[in-house]
Amino acid sequence: MTRSRSKLTQARIVLGIAVLAFATFSVLVPDFLSAGNVSRLLQNVSILGILAMGMALSIIGRGIDLSMVASMAVSVAWMLAEMNTGASFAHAFGFALLFSIAVGVINGVLIAYVEIPPIFATLAMGTAIYGFGRVFLLASDVNYLPDDWQWLNTIATAAPLGIPVSVLCFAAVCGLGHLFLRGAREGRYIYMMGDNPQAARITGVPIRPMIVGQYVLTSLVALVAGLLMAALVATMNTRIVGSTYVYDIILVAVLGGISLSGGRGGAGSVIVGTLLIGILLNGMTMMNLGYTTQNVIKALILLAALTIDSLVNPRDEQTSQQGDI
Amino acid sequence: MTRDDLVRWRYRLIPNTVVGEILSKPWIDNAVPVLMLAVLLAVFGTLVPNLLTLGNLGNLSQTVGEYLLMGLGLTIVVMAGGIDLSVGSVFALANLVMIALVGWAGLPMGVAIPIALLSGALVGLVNGILVGYLRLRAFLTTLVTLIVVRALVDSLLLSYSQEIGAAPIFSAFWDYLAFGTVYGMSVSFLTAVALAVAVHVVLTRLRPGWHIIAVGGSRRAAHNSGIDVRRTVCLTYVASGTLAALAGVFYAARLMSLGAETGVGLEITILTAVVLGGTSLGGGRGSVVKTVLGVAIVVVINNSLLRFNLPSGSSPLALGIILLLAVAIDVRWVKNKRKVLDQTYVAPTYFELPPLPDARRGAATPYAVNDHLATAEPIGLGLLDGPEDVILDADDNLYTGSRDGNILRLMAPDYTRVEPYVHIGGQPLGLAFDRGGNLVTCVAGMGLYMVRPNREVVKLSDETNRTLFSIIDDSRMRLADDLDIAPDGRVFFSEATIRYALHDWMIDALEGRGNGRIICYDPHDGSSRTVLPRLQFPNGICMVPDGQSFLYAETWGCRVSRYYFDGPKKGRTEVVIADLPGYPDNINRASDGTFWLAMIGMRTPAFDLSQRMPGFRRRMAMQVARDQWVFPNLNTGGVIKFDLTGQVLQSLWDGDGGSHPQVTSMREHKGWLYLGGIFNNRIGRIRLPDADQSWTSQSAYWGAPK
């Protein structure tokens with residue numbers, strides 16, 4: 001740890017870029033620094049940040065969960081659909097919870113026991129989850145928050161002490177994530193698995209159950225993000241599954257310094273990545289840049305971050321891991 | 001009929017080598033996707049009307065062609081250990097470029113197509129520089145280029161789609177690309193097939209392809225062996241970008257559509273096809289054939305699901321589940337193939353040996369154990385590693401093989417100086433001098449080689465005629481063992497087994513089947529031909545002075561036989577000694593007209609019994625770890641002397657096993673007997689006081705030296 005403290009880590013680089021972007025926008029864009037805008041900025045990216053925290057859990061353990069968005073959308077949409085047919089909240093929420101856990105378990109079993117590569121297993125699971133939801137659970141793509149539950153929307157959009165509830169949620173998830181990763185034994189196991197699965201295995205880490213647990217956790221975080229999203233916008237549109245949203249999540253996680261080869265980064269990385277993306281999205285929106293232009297700029301920044309990381313911390317040809325894509 | 005008869009007939013009638021040999025073939029990797037395609041075609045072919053009609057196949061062939069082109073590109077990238085997600089966007093980009101250049105700018109096709117391909121190559125080059133040279137992570141980098149290129153295409157469409165899309169295209173070649181057919185197959189399909197063949201040849205036969213596979217198999221090893229890893233990786237992305245652009249060109253001609261959905265999610269479909277075929281993410285394992293199969297599977301699934309008219313969402317559900325199942329089967333198969341192969345490859349059969357002669361110390365047989373070899377004078381002690389055979393030249397220098405692939409020469413007269421005579425590469429086993437003083441040798445895993453007196457190494461033979469209907473390729477030589485040379489120059493050499501290589505040679509003993517053969521190499525026309533197939537580990541070969549026959553020993557058969565290759569008895573085999581007490585190895589001539597026979601190990605009642613119980617040995621091979629198997633006893637051995645009538649005249653043993661516990665060869669030379677052992681660290685020699693003190697095998701074979 002002392003070694004990496006003294007080095008220019010990716011998180012530090014990204015933090016620098018974020019500060020730079022923040023300063024640039026403050027100069028270029030009028031009203032950027034206003035309290036209202038800053039809180040709006042944070043509110044917009046908090047869901048993305050929560051999802052990135054979940055993604056971080058699986059990436060640190062040398063996995064990836066491309067089915068996160070599908071799991072989030074279908075479980076919450078199903079909950080809303082049940083509530084619309086008159087089911088009690090506990091009943092509907094129970095369904096959503098079970099669904100999330102089931103998705104996590106299936107993902108984990110496929111990856112840990114069947115040994116399908118995580119990218120591929122979760123990719124196919126994402127497709128299957130959406131299909132399953134549309135065929136068996138949901139009558140339509142868009143599901144609305146029932147009228148007698150609109151107070152949820154009121155709470156979610158509130159801002160006690162000037163801080164939006166969604167930002168509080170993001171902070172809470174990151175805080176819990178940090179405590180889990182750094183404090184809990186299982187959290188340390190996840191780092192060990194990410195660093196070197198074989199070594200972790202022979203030192204006695206129960207690799208396979210841990211992988212299952214890791215994906216269940218990721219799926220549960222997705223559920224939390226989904227609940228917040230449903231409360232914020234009062235709907236859940238399952239079409240989001242087909243979008244590139246999951247790439248944005250990975251972008252946030254990786255930008256902050258969570259290496260795709262596992263074992264690196266933490267909750268701090270997620271916050272840094274979220275901040276940068278939030279600042280950029282907000283600034284660009286206020287500058288009236290189009291959606292596609294924003295995508296290009298976002299992508300180029302990610303590319304720049306990756307390039308700088310690769311130049312500052314070059315991969316060693318002798319020790320790089322095989323099959324590390 | 002006794003129980004033994006039943007067992008014997010059961011193993012004679014039902015060959016049990018088939019499963020293991022089929023599993024050992026490399027093409028068996030394709031079995032899973034082929035099987036899956038067959039099942040899908042059967043299921044969907046019945047459920048979906050007209051799926052397999054010519055018209056539908058003609059329509060499908062365009063999609064297949066485009067998918068295959070992109071799949072080929074992705075295969076190249078994945079084989080080198082990368083991944084290219086940007087292909088979907090490159091596809092859309094090429095589509096846009098084509099329609100814009102031909103329809104709007106009015107450029108001729110001969111200009112437009114290269115520019116479109118160049119646009120794809122350029123995106124590939126960006127990927128390649130970032131991933132190959134700057135060593136960014138492939139997944140993320142190509143994800144970013146996917147988003148960037150997509151955004152570029154979208155913004156261009158947003159601004160110019162009206163102008164571009166409105167322009168009509170009148171070009172015969174354009175229409176030909178879109179709707180032209182050759183024997184009912186679309187142009188895109190035929191192009192893709194031609195390119196598939198080309199890529200296959202490059203990957204399997206040419207240097208760039210080998211570099212790609214080497215980099216994917218082990219980046220570090222490729223780097224250390226001098227391959228330019230960065231350039232190789234970079235070029236794979238250029239290839240992938242170009243091929244994706246080519247697919248986009250065909251798509252443009254086919255649909256002339258500027259829809260914003262063009263190529264969205266296509267990268268996932270193509271990746272699915274590639275992985276379904278069995279090319280593994282991470283690199284090094286895969287092939288074009290696999291990709292072709294994968295593409296066929298994906299297209300069949302997609303097309304069938306489309307035509308079921310299922311409720312919204314069911315086709316992604318089915319696709320996802322089918323994919324997961326297929327990949328799960330593939331992953332398990334790849335992982336456990338080795339285990340299954342190990343368990344099924346050993347295929348024992350029934351074999352009954354004649355009664356075991358008594359070889360105990362003080363026994364009344366000529367085999368009684370004594371201590372003659374214990375007094376052997378050591379030569380090259382500690383300098384030699386596995387001297388299987390020994391031979392001496394006219395100047396009394398001693399030659400022997402070593403495990404590191406050399407023939408060593410020990411210089412007369414005191415044999416203390418050892419020099420590598422030549423490096424061959426495989427472990428040299430049998431050695432013999434021919435009439436011209438060339439040293440002919442059998443090299444394990446390589447075949448029959450000759451060393452000229454000027455130390456030039458010449459390959460004489462490494463393949464023979466392949467047996468009809470053989471599953472494993474038995475034309476290549478796995479374990480050439482010993483040889484001897486007939487007066488007319490023909491070389492007869494034994495190949496101990498066709499089913500195992502040198503490091504596994506002892507496992508052949510568990511099978512009890514004739515897996516070996518004797519091959520004749522004819523120097524006059526350079527041909528090799530199997531003369532005696534199905535022998536039980538044929539080992540030593542020695543010419544009988546009549547010039548018409550040779551003696552050969554079958555190690556696991558514990559027999560010495562005589563085969564007539566010429567003369568009135570041509571083609572006949574006679575057993576000389578049927579019931580040796582141990583496992584014979586090399587045979588060589590003695591000065592008094594008799595023969596020396598080395599014994600590598602001794603029979604034991606337990607192993608002899610197990611030879612009559614193939615079921616037991618099979619269960620053992622499947623259920624017990626290899627180091628716990630019952631093997632023949634190869635810890636004790638010796639030398640015996642016999643004559644052509646089969647009478648054993650003398651035996652020499654090292655009763656305590658201190659210096660020559662087992663002997664694989666012996667050579668009489670000027671009153672000494674030189675002893676070699678494949679597990680030994682020395683050559684030994686003992687005096688033969690009663691022998692002709694000037695006799696050498698050289699002069700016995702080829703006359704006195706000139």
# chains A, B, ... in the order shown; residues from 1 in each chain; ligands from 1
>>> interface_residues(of="chain B", to="chain A", cutoff="8 Å", atoms="only C-alpha atoms", output="CSV table (one decimal) with all heavy atoms, in the first residue's frame")
chain,number,residue,atom,x,y,z
B,81,GLY,N,-5.6,-13.5,-28.3
B,81,GLY,CA,-5.8,-13.1,-26.9
B,81,GLY,C,-6.5,-11.8,-26.6
B,81,GLY,O,-6.5,-11.3,-25.5
B,82,GLY,N,-7.1,-11.2,-27.6
B,82,GLY,CA,-7.8,-9.9,-27.5
B,82,GLY,C,-9.3,-10.1,-27.6
B,82,GLY,O,-9.8,-11.2,-27.6
B,83,ILE,N,-10.0,-9.0,-27.8
B,83,ILE,CA,-11.4,-9.0,-28.1
B,83,ILE,C,-11.7,-7.7,-28.9
B,83,ILE,O,-11.0,-6.7,-28.6
B,83,ILE,CB,-12.2,-9.1,-26.8
B,83,ILE,CG1,-13.7,-9.5,-27.2
B,83,ILE,CG2,-12.2,-7.9,-26.0
B,83,ILE,CD1,-14.5,-10.0,-26.0
B,130,LEU,N,-3.7,1.3,-29.7
B,130,LEU,CA,-4.0,1.4,-28.3
B,130,LEU,C,-3.8,0.1,-27.6
B,130,LEU,O,-3.2,0.1,-26.5
B,130,LEU,CB,-5.5,1.9,-28.1
B,130,LEU,CG,-5.8,3.3,-28.6
B,130,LEU,CD1,-7.3,3.6,-28.6
B,130,LEU,CD2,-5.0,4.3,-27.7
B,134,LEU,N,0.2,0.5,-27.0
B,134,LEU,CA,0.1,1.1,-25.7
B,134,LEU,C,-0.4,0.2,-24.6
B,134,LEU,O,-0.4,0.5,-23.4
B,134,LEU,CB,-0.9,2.3,-25.8
B,134,LEU,CG,-0.4,3.5,-26.6
B,134,LEU,CD1,-1.4,4.6,-26.7
B,134,LEU,CD2,0.9,4.0,-26.1
B,135,ARG,N,-0.7,-1.0,-25.0
B,135,ARG,CA,-1.2,-2.1,-24.1
B,135,ARG,C,-2.3,-1.7,-23.2
B,135,ARG,O,-2.2,-2.0,-22.0
B,135,ARG,CB,0.1,-2.6,-23.4
B,135,ARG,CG,0.9,-3.5,-24.2
B,135,ARG,CD,2.1,-3.9,-23.5
B,135,ARG,NE,3.0,-2.8,-23.1
B,135,ARG,CZ,4.0,-2.9,-22.3
B,135,ARG,NH1,4.2,-4.0,-21.7
B,135,ARG,NH2,4.7,-1.8,-22.0
B,136,LEU,N,-3.3,-1.1,-23.8
B,136,LEU,CA,-4.5,-0.9,-23.0
B,136,LEU,C,-5.3,-2.2,-23.0
B,136,LEU,O,-5.1,-3.1,-23.7
B,136,LEU,CB,-5.4,0.2,-23.7
B,136,LEU,CG,-5.1,1.6,-23.2
B,136,LEU,CD1,-3.6,2.0,-23.3
B,136,LEU,CD2,-5.9,2.6,-24.0
B,137,ARG,N,-6.3,-2.2,-22.1
B,137,ARG,CA,-7.1,-3.4,-22.0
B,137,ARG,C,-8.1,-3.5,-23.2
B,137,ARG,O,-8.8,-2.5,-23.5
B,137,ARG,CB,-8.0,-3.4,-20.8
B,137,ARG,CG,-7.1,-3.3,-19.6
B,137,ARG,CD,-7.6,-3.9,-18.4
B,137,ARG,NE,-6.6,-3.9,-17.4
B,137,ARG,CZ,-5.7,-4.9,-17.3
B,137,ARG,NH1,-5.7,-5.9,-18.1
B,137,ARG,NH2,-4.7,-4.8,-16.4
B,138,ALA,N,-8.1,-4.6,-23.9
B,138,ALA,CA,-8.8,-4.7,-25.2
B,138,ALA,C,-10.3,-4.5,-25.0
B,138,ALA,O,-10.9,-3.8,-25.8
B,138,ALA,CB,-8.5,-6.1,-25.8
B,139,PHE,N,-10.8,-5.1,-23.9
B,139,PHE,CA,-12.3,-5.1,-23.8
B,139,PHE,C,-12.8,-3.6,-23.7
B,139,PHE,O,-13.7,-3.2,-24.4
B,139,PHE,CB,-12.7,-5.9,-22.5
B,139,PHE,CG,-14.2,-6.0,-22.3
B,139,PHE,CD1,-14.8,-7.1,-22.9
B,139,PHE,CD2,-14.9,-5.2,-21.5
B,139,PHE,CE1,-16.2,-7.2,-22.7
B,139,PHE,CE2,-16.2,-5.3,-21.3
B,139,PHE,CZ,-16.9,-6.3,-22.0
B,141,THR,N,-11.0,-0.8,-24.3
B,141,THR,CA,-10.6,0.1,-25.4
B,141,THR,C,-11.6,-0.1,-26.6
B,141,THR,O,-12.0,0.9,-27.2
B,141,THR,CB,-9.2,-0.3,-25.8
B,141,THR,OG1,-8.4,-0.3,-24.7
B,141,THR,CG2,-8.7,0.7,-26.8
B,143,LEU,N,-14.5,-1.2,-26.5
B,143,LEU,CA,-15.8,-0.7,-26.1
B,143,LEU,C,-15.9,0.8,-26.3
B,143,LEU,O,-16.9,1.3,-26.8
B,143,LEU,CB,-16.0,-1.0,-24.6
B,143,LEU,CG,-17.4,-0.8,-24.0
B,143,LEU,CD1,-18.3,-1.7,-24.6
B,143,LEU,CD2,-17.3,-1.1,-22.5
B,144,VAL,N,-14.8,1.5,-26.0
B,144,VAL,CA,-14.8,2.9,-26.2
B,144,VAL,C,-14.9,3.2,-27.7
B,144,VAL,O,-15.7,4.1,-28.1
B,144,VAL,CB,-13.5,3.5,-25.6
B,144,VAL,CG1,-13.4,5.0,-26.0
B,144,VAL,CG2,-13.6,3.4,-24.1
B,145,THR,N,-14.1,2.5,-28.5
B,145,THR,CA,-14.2,2.8,-30.0
B,145,THR,C,-15.5,2.4,-30.5
B,145,THR,O,-16.0,3.1,-31.4
B,145,THR,CB,-13.1,2.0,-30.7
B,145,THR,OG1,-12.9,0.8,-30.2
B,145,THR,CG2,-11.8,2.8,-30.7
B,147,ILE,N,-18.3,2.9,-28.9
B,147,ILE,CA,-19.2,4.1,-28.6
B,147,ILE,C,-18.8,5.3,-29.5
B,147,ILE,O,-19.7,5.9,-30.0
B,147,ILE,CB,-19.1,4.4,-27.1
B,147,ILE,CG1,-19.6,3.2,-26.3
B,147,ILE,CG2,-19.8,5.7,-26.8
B,147,ILE,CD1,-19.3,3.4,-24.8
B,148,VAL,N,-17.5,5.5,-29.6
B,148,VAL,CA,-17.1,6.7,-30.4
B,148,VAL,C,-17.6,6.6,-31.8
B,148,VAL,O,-18.2,7.5,-32.4
B,148,VAL,CB,-15.6,6.8,-30.3
B,148,VAL,CG1,-15.1,7.9,-31.3
B,148,VAL,CG2,-15.1,7.2,-29.0
B,151,ALA,N,-21.2,7.0,-32.2
B,151,ALA,CA,-21.6,8.3,-32.0
B,151,ALA,C,-21.3,9.1,-33.3
B,151,ALA,O,-22.1,9.9,-33.7
B,151,ALA,CB,-20.9,9.0,-30.8
B,152,LEU,N,-20.2,8.8,-33.9
B,152,LEU,CA,-19.8,9.5,-35.1
B,152,LEU,C,-20.9,9.2,-36.2
B,152,LEU,O,-21.4,10.1,-36.9
B,152,LEU,CB,-18.4,9.0,-35.5
B,152,LEU,CG,-17.8,9.7,-36.7
B,152,LEU,CD1,-17.3,11.0,-36.3
B,152,LEU,CD2,-16.6,8.8,-37.2
B,154,ASP,N,-23.9,8.2,-35.8
B,154,ASP,CA,-25.2,8.8,-35.4
B,154,ASP,C,-25.3,10.3,-35.8
B,154,ASP,O,-26.2,10.8,-36.3
B,154,ASP,CB,-25.5,8.6,-33.9
B,154,ASP,CG,-25.9,7.2,-33.7
B,154,ASP,OD1,-26.2,6.4,-34.6
B,154,ASP,OD2,-26.0,6.8,-32.5
B,155,SER,N,-24.2,11.0,-35.4
B,155,SER,CA,-24.2,12.4,-35.7
B,155,SER,C,-24.2,12.7,-37.2
B,155,SER,O,-24.8,13.7,-37.6
B,155,SER,CB,-23.1,13.1,-34.9
B,155,SER,OG,-21.8,12.6,-35.4
B,216,GLY,N,-1.5,-15.6,-28.6
B,216,GLY,CA,-2.7,-15.9,-27.8
B,216,GLY,C,-2.4,-17.0,-26.8
B,216,GLY,O,-3.0,-17.0,-25.7
B,218,SER,N,0.5,-18.0,-25.3
B,218,SER,CA,1.2,-17.5,-24.2
B,218,SER,C,2.0,-16.2,-24.6
B,218,SER,O,3.0,-16.3,-25.3
B,218,SER,CB,2.2,-18.5,-23.6
B,218,SER,OG,3.0,-17.9,-22.7
B,219,ARG,N,1.5,-15.1,-24.2
B,219,ARG,CA,2.0,-13.8,-24.6
B,219,ARG,C,3.5,-13.8,-24.2
B,219,ARG,O,4.4,-13.3,-24.9
B,219,ARG,CB,1.2,-12.7,-23.9
B,219,ARG,CG,1.3,-11.4,-24.5
B,219,ARG,CD,0.5,-10.4,-23.7
B,219,ARG,NE,1.0,-9.1,-23.9
B,219,ARG,CZ,0.6,-8.3,-24.8
B,219,ARG,NH1,-0.4,-8.7,-25.6
B,219,ARG,NH2,1.1,-7.1,-25.0
B,220,ARG,N,3.7,-14.2,-23.0
B,220,ARG,CA,5.1,-14.1,-22.4
B,220,ARG,C,6.1,-15.0,-23.2
B,220,ARG,O,7.1,-14.6,-23.6
B,220,ARG,CB,5.1,-14.6,-21.0
B,220,ARG,CG,6.3,-14.2,-20.2
B,220,ARG,CD,6.2,-14.8,-18.8
B,220,ARG,NE,5.0,-14.6,-18.2
B,220,ARG,CZ,4.6,-15.2,-17.1
B,220,ARG,NH1,5.4,-16.0,-16.5
B,220,ARG,NH2,3.4,-14.9,-16.5
B,223,HIS,N,6.7,-13.5,-26.5
B,223,HIS,CA,7.7,-12.4,-26.4
B,223,HIS,C,9.1,-12.9,-26.2
B,223,HIS,O,10.0,-12.4,-26.8
B,223,HIS,CB,7.2,-11.5,-25.2
B,223,HIS,CG,8.2,-10.5,-24.8
B,223,HIS,ND1,8.3,-9.3,-25.5
B,223,HIS,CD2,9.0,-10.4,-23.7
B,223,HIS,CE1,9.2,-8.6,-24.9
B,223,HIS,NE2,9.7,-9.2,-23.8
B,281,LEU,N,-12.1,-17.4,-25.3
B,281,LEU,CA,-11.7,-16.1,-25.0
B,281,LEU,C,-10.5,-16.2,-24.1
B,281,LEU,O,-10.4,-17.0,-23.2
B,281,LEU,CB,-12.8,-15.4,-24.1
B,281,LEU,CG,-14.1,-15.1,-24.8
B,281,LEU,CD1,-15.2,-14.6,-23.8
B,281,LEU,CD2,-13.9,-14.0,-25.8
B,282,GLY,N,-9.5,-15.4,-24.5
B,282,GLY,CA,-8.2,-15.5,-23.8
B,282,GLY,C,-7.1,-16.0,-24.7
B,282,GLY,O,-6.0,-15.8,-24.4
B,283,GLY,N,-7.5,-16.6,-25.8
B,283,GLY,CA,-6.6,-16.8,-26.9
B,283,GLY,C,-6.0,-18.2,-27.0
B,283,GLY,O,-6.1,-19.0,-26.1
B,311,PRO,N,-44.3,-14.2,-28.5
B,311,PRO,CA,-44.5,-13.0,-27.8
B,311,PRO,C,-43.2,-12.3,-27.6
B,311,PRO,O,-42.1,-12.9,-27.5
B,311,PRO,CB,-45.1,-13.4,-26.5
B,311,PRO,CG,-44.8,-14.8,-26.3
B,311,PRO,CD,-44.7,-15.4,-27.7
B,312,SER,N,-43.3,-10.9,-27.5
B,312,SER,CA,-42.1,-10.1,-27.3
B,312,SER,C,-41.2,-10.6,-26.1
B,312,SER,O,-41.8,-10.8,-25.1
B,312,SER,CB,-42.5,-8.7,-27.1
B,312,SER,OG,-41.5,-8.0,-26.5
B,313,GLY,N,-40.0,-10.7,-26.3
B,313,GLY,CA,-39.1,-11.1,-25.2
B,313,GLY,C,-38.7,-12.6,-25.2
B,313,GLY,O,-37.8,-13.0,-24.6
B,314,SER,N,-39.5,-13.4,-25.9
B,314,SER,CA,-39.2,-14.8,-25.8
B,314,SER,C,-38.0,-15.2,-26.7
B,314,SER,O,-37.3,-16.1,-26.3
B,314,SER,CB,-40.4,-15.7,-26.2
B,314,SER,OG,-41.0,-15.1,-27.4
B,315,SER,N,-37.7,-14.4,-27.7
B,315,SER,CA,-36.5,-14.8,-28.5
B,315,SER,C,-35.2,-14.4,-27.7
B,315,SER,O,-34.3,-15.3,-27.7
B,315,SER,CB,-36.6,-14.3,-29.9
B,315,SER,OG,-36.0,-13.0,-30.0
B,316,PRO,N,-35.1,-13.3,-27.1
B,316,PRO,CA,-33.9,-13.1,-26.2
B,316,PRO,C,-33.8,-14.2,-25.1
B,316,PRO,O,-32.7,-14.6,-24.8
B,316,PRO,CB,-34.1,-11.7,-25.6
B,316,PRO,CG,-35.4,-11.2,-26.0
B,316,PRO,CD,-35.9,-12.0,-27.1
B,317,LEU,N,-35.0,-14.5,-24.6
B,317,LEU,CA,-34.9,-15.6,-23.5
B,317,LEU,C,-34.3,-16.9,-24.0
B,317,LEU,O,-33.4,-17.5,-23.5
B,317,LEU,CB,-36.3,-15.8,-22.9
B,317,LEU,CG,-36.4,-16.9,-21.9
B,317,LEU,CD1,-35.6,-16.5,-20.7
B,317,LEU,CD2,-37.9,-17.2,-21.5
B,318,ALA,N,-34.9,-17.3,-25.2
B,318,ALA,CA,-34.4,-18.6,-25.8
B,318,ALA,C,-33.0,-18.5,-26.2
B,318,ALA,O,-32.2,-19.4,-25.9
B,318,ALA,CB,-35.3,-18.9,-27.0
B,319,LEU,N,-32.6,-17.3,-26.8
B,319,LEU,CA,-31.2,-17.1,-27.2
B,319,LEU,C,-30.3,-17.2,-26.0
B,319,LEU,O,-29.3,-17.9,-26.1
B,319,LEU,CB,-31.1,-15.8,-27.9
B,319,LEU,CG,-29.9,-15.6,-28.8
B,319,LEU,CD1,-29.9,-16.5,-30.0
B,319,LEU,CD2,-29.8,-14.1,-29.2
B,320,GLY,N,-30.7,-16.5,-25.0
B,320,GLY,CA,-29.8,-16.5,-23.8
B,320,GLY,C,-29.6,-17.9,-23.2
B,320,GLY,O,-28.5,-18.3,-22.9
B,321,ILE,N,-30.7,-18.6,-23.1
B,321,ILE,CA,-30.6,-19.9,-22.5
B,321,ILE,C,-29.8,-20.9,-23.4
B,321,ILE,O,-29.0,-21.6,-22.9
B,321,ILE,CB,-32.0,-20.5,-22.2
B,321,ILE,CG1,-32.7,-19.7,-21.1
B,321,ILE,CG2,-32.0,-22.0,-21.9
B,321,ILE,CD1,-34.1,-20.1,-20.8
B,323,LEU,N,-27.5,-20.1,-25.5
B,323,LEU,CA,-26.1,-19.7,-25.4
B,323,LEU,C,-25.5,-20.3,-24.1
B,323,LEU,O,-24.4,-20.8,-24.2
B,323,LEU,CB,-26.0,-18.2,-25.4
B,323,LEU,CG,-26.4,-17.5,-26.7
B,323,LEU,CD1,-26.1,-16.1,-26.6
B,323,LEU,CD2,-25.6,-18.2,-27.8
B,324,LEU,N,-26.2,-20.0,-23.0
B,324,LEU,CA,-25.6,-20.5,-21.8
B,324,LEU,C,-25.4,-22.0,-21.8
B,324,LEU,O,-24.3,-22.5,-21.3
B,324,LEU,CB,-26.5,-20.1,-20.6
B,324,LEU,CG,-26.4,-18.6,-20.2
B,324,LEU,CD1,-27.4,-18.3,-19.2
B,324,LEU,CD2,-25.0,-18.3,-19.7
B,327,VAL,N,-22.4,-22.9,-24.1
B,327,VAL,CA,-21.1,-22.5,-23.6
B,327,VAL,C,-20.8,-23.4,-22.4
B,327,VAL,O,-19.6,-23.8,-22.2
B,327,VAL,CB,-21.1,-21.0,-23.2
B,327,VAL,CG1,-19.7,-20.7,-22.6
B,327,VAL,CG2,-21.3,-20.2,-24.5
B,328,ALA,N,-21.8,-23.7,-21.6
B,328,ALA,CA,-21.6,-24.5,-20.4
B,328,ALA,C,-21.0,-25.9,-20.9
B,328,ALA,O,-20.0,-26.4,-20.4
B,328,ALA,CB,-22.8,-24.7,-19.6
B,331,VAL,N,-17.5,-25.5,-22.2
B,331,VAL,CA,-16.5,-25.3,-21.1
B,331,VAL,C,-16.2,-26.6,-20.4
B,331,VAL,O,-15.0,-26.9,-20.2
B,331,VAL,CB,-17.0,-24.2,-20.2
B,331,VAL,CG1,-16.2,-24.2,-18.9
B,331,VAL,CG2,-16.9,-22.8,-20.8
B,332,ARG,N,-17.2,-27.3,-20.0
B,332,ARG,CA,-17.0,-28.5,-19.3
B,332,ARG,C,-16.3,-29.5,-20.2
B,332,ARG,O,-15.4,-30.3,-19.7
B,332,ARG,CB,-18.3,-29.2,-18.9
B,332,ARG,CG,-19.2,-28.3,-18.0
B,332,ARG,CD,-18.5,-27.7,-16.9
B,332,ARG,NE,-18.0,-28.6,-15.9
B,332,ARG,CZ,-17.3,-28.2,-14.8
B,332,ARG,NH1,-17.0,-27.0,-14.6
B,332,ARG,NH2,-16.9,-29.1,-13.9
>>> select_by_dssp(residues="stretch 133-303 of chain A", states="alpha helix (DSSP H)", output="MDAnalysis selection string")
chainID A and resid 150:157 165:183 185:195 197:202 207:233 245:255 267:286 291:303
>>> residues_around(residues="B:Tyr674", least_positions_apart="5", cutoff="8 Å", atoms="only C-alpha atoms", output="VMD selection string")
chain B and resid 390 666 to 669 683 to 686
>>> residues_around(residues="B:Asp484", least_positions_apart="6", cutoff="9 Å", atoms="only C-alpha atoms", output="list in words")
Gly430, Leu431, Ala432, Phe433, Asp434, Val440, Arg490, Val491, Phe492, Phe493, Gly540, Ile541, Cys542, Met543 and Phe550 of chain B
>>> residues_around(residues="stretch 87-89 of chain A", least_positions_apart="3", cutoff="12 Å", atoms="only C-alpha atoms", output="list of chain:residue names")
A:Val76, A:Trp78, A:Met79, A:Leu80, A:Ala81, A:Glu82, A:Met83, A:Asn84, A:Ala92, A:Phe93, A:Gly94, A:Phe95, A:Ala96, A:Leu97, A:Leu145, A:Pro146, A:Asp148, A:Trp149, A:Leu152
>>> atom_distance(atom1="atom CA of B:Pro49", atom2="atom CA of B:Val298")
18.4 Å
>>> atom_distance(atom1="atom CA of B:Glu511", atom2="atom CA of B:Ala496")
13.0 Å
>>> atom_distance(atom1="atom CA of B:Phe91", atom2="atom CA of B:Leu258")
11.9 Å
>>> residues_around(residues="stretch 15-23 of chain A", least_positions_apart="5", cutoff="9 Å", atoms="only C-alpha atoms", output="PDB file with C-alpha atoms, in the first residue's frame")
ATOM      1  CA  GLN A  10      -5.321   6.140 -11.844  1.00  0.00           C
ATOM      2  CA  LEU A  28     -17.029  28.486 -19.197  1.00  0.00           C
ATOM      3  CA  PHE A  32     -22.340  25.919 -13.086  1.00  0.00           C
ATOM      4  CA  LEU A  33     -21.194  26.648  -9.554  1.00  0.00           C
ATOM      5  CA  GLY A 256     -11.876   5.518 -10.917  1.00  0.00           C
ATOM      6  CA  VAL A 272     -14.013   9.627  -8.035  1.00  0.00           C
ATOM      7  CA  GLY A 273     -15.267   8.033 -11.252  1.00  0.00           C
ATOM      8  CA  LEU A 275     -17.763  12.652  -9.825  1.00  0.00           C
ATOM      9  CA  LEU A 276     -15.883  12.971 -13.090  1.00  0.00           C
ATOM     10  CA  ILE A 277     -18.712  11.509 -15.144  1.00  0.00           C
ATOM     11  CA  ILE A 279     -19.272  16.838 -13.839  1.00  0.00           C
ATOM     12  CA  LEU A 280     -18.786  16.048 -17.504  1.00  0.00           C
ATOM     13  CA  GLY A 283     -21.289  20.521 -17.872  1.00  0.00           C
ATOM     14  CA  ALA A 305      -7.434   7.942 -18.636  1.00  0.00           C
TER      15      ALA A 305
END
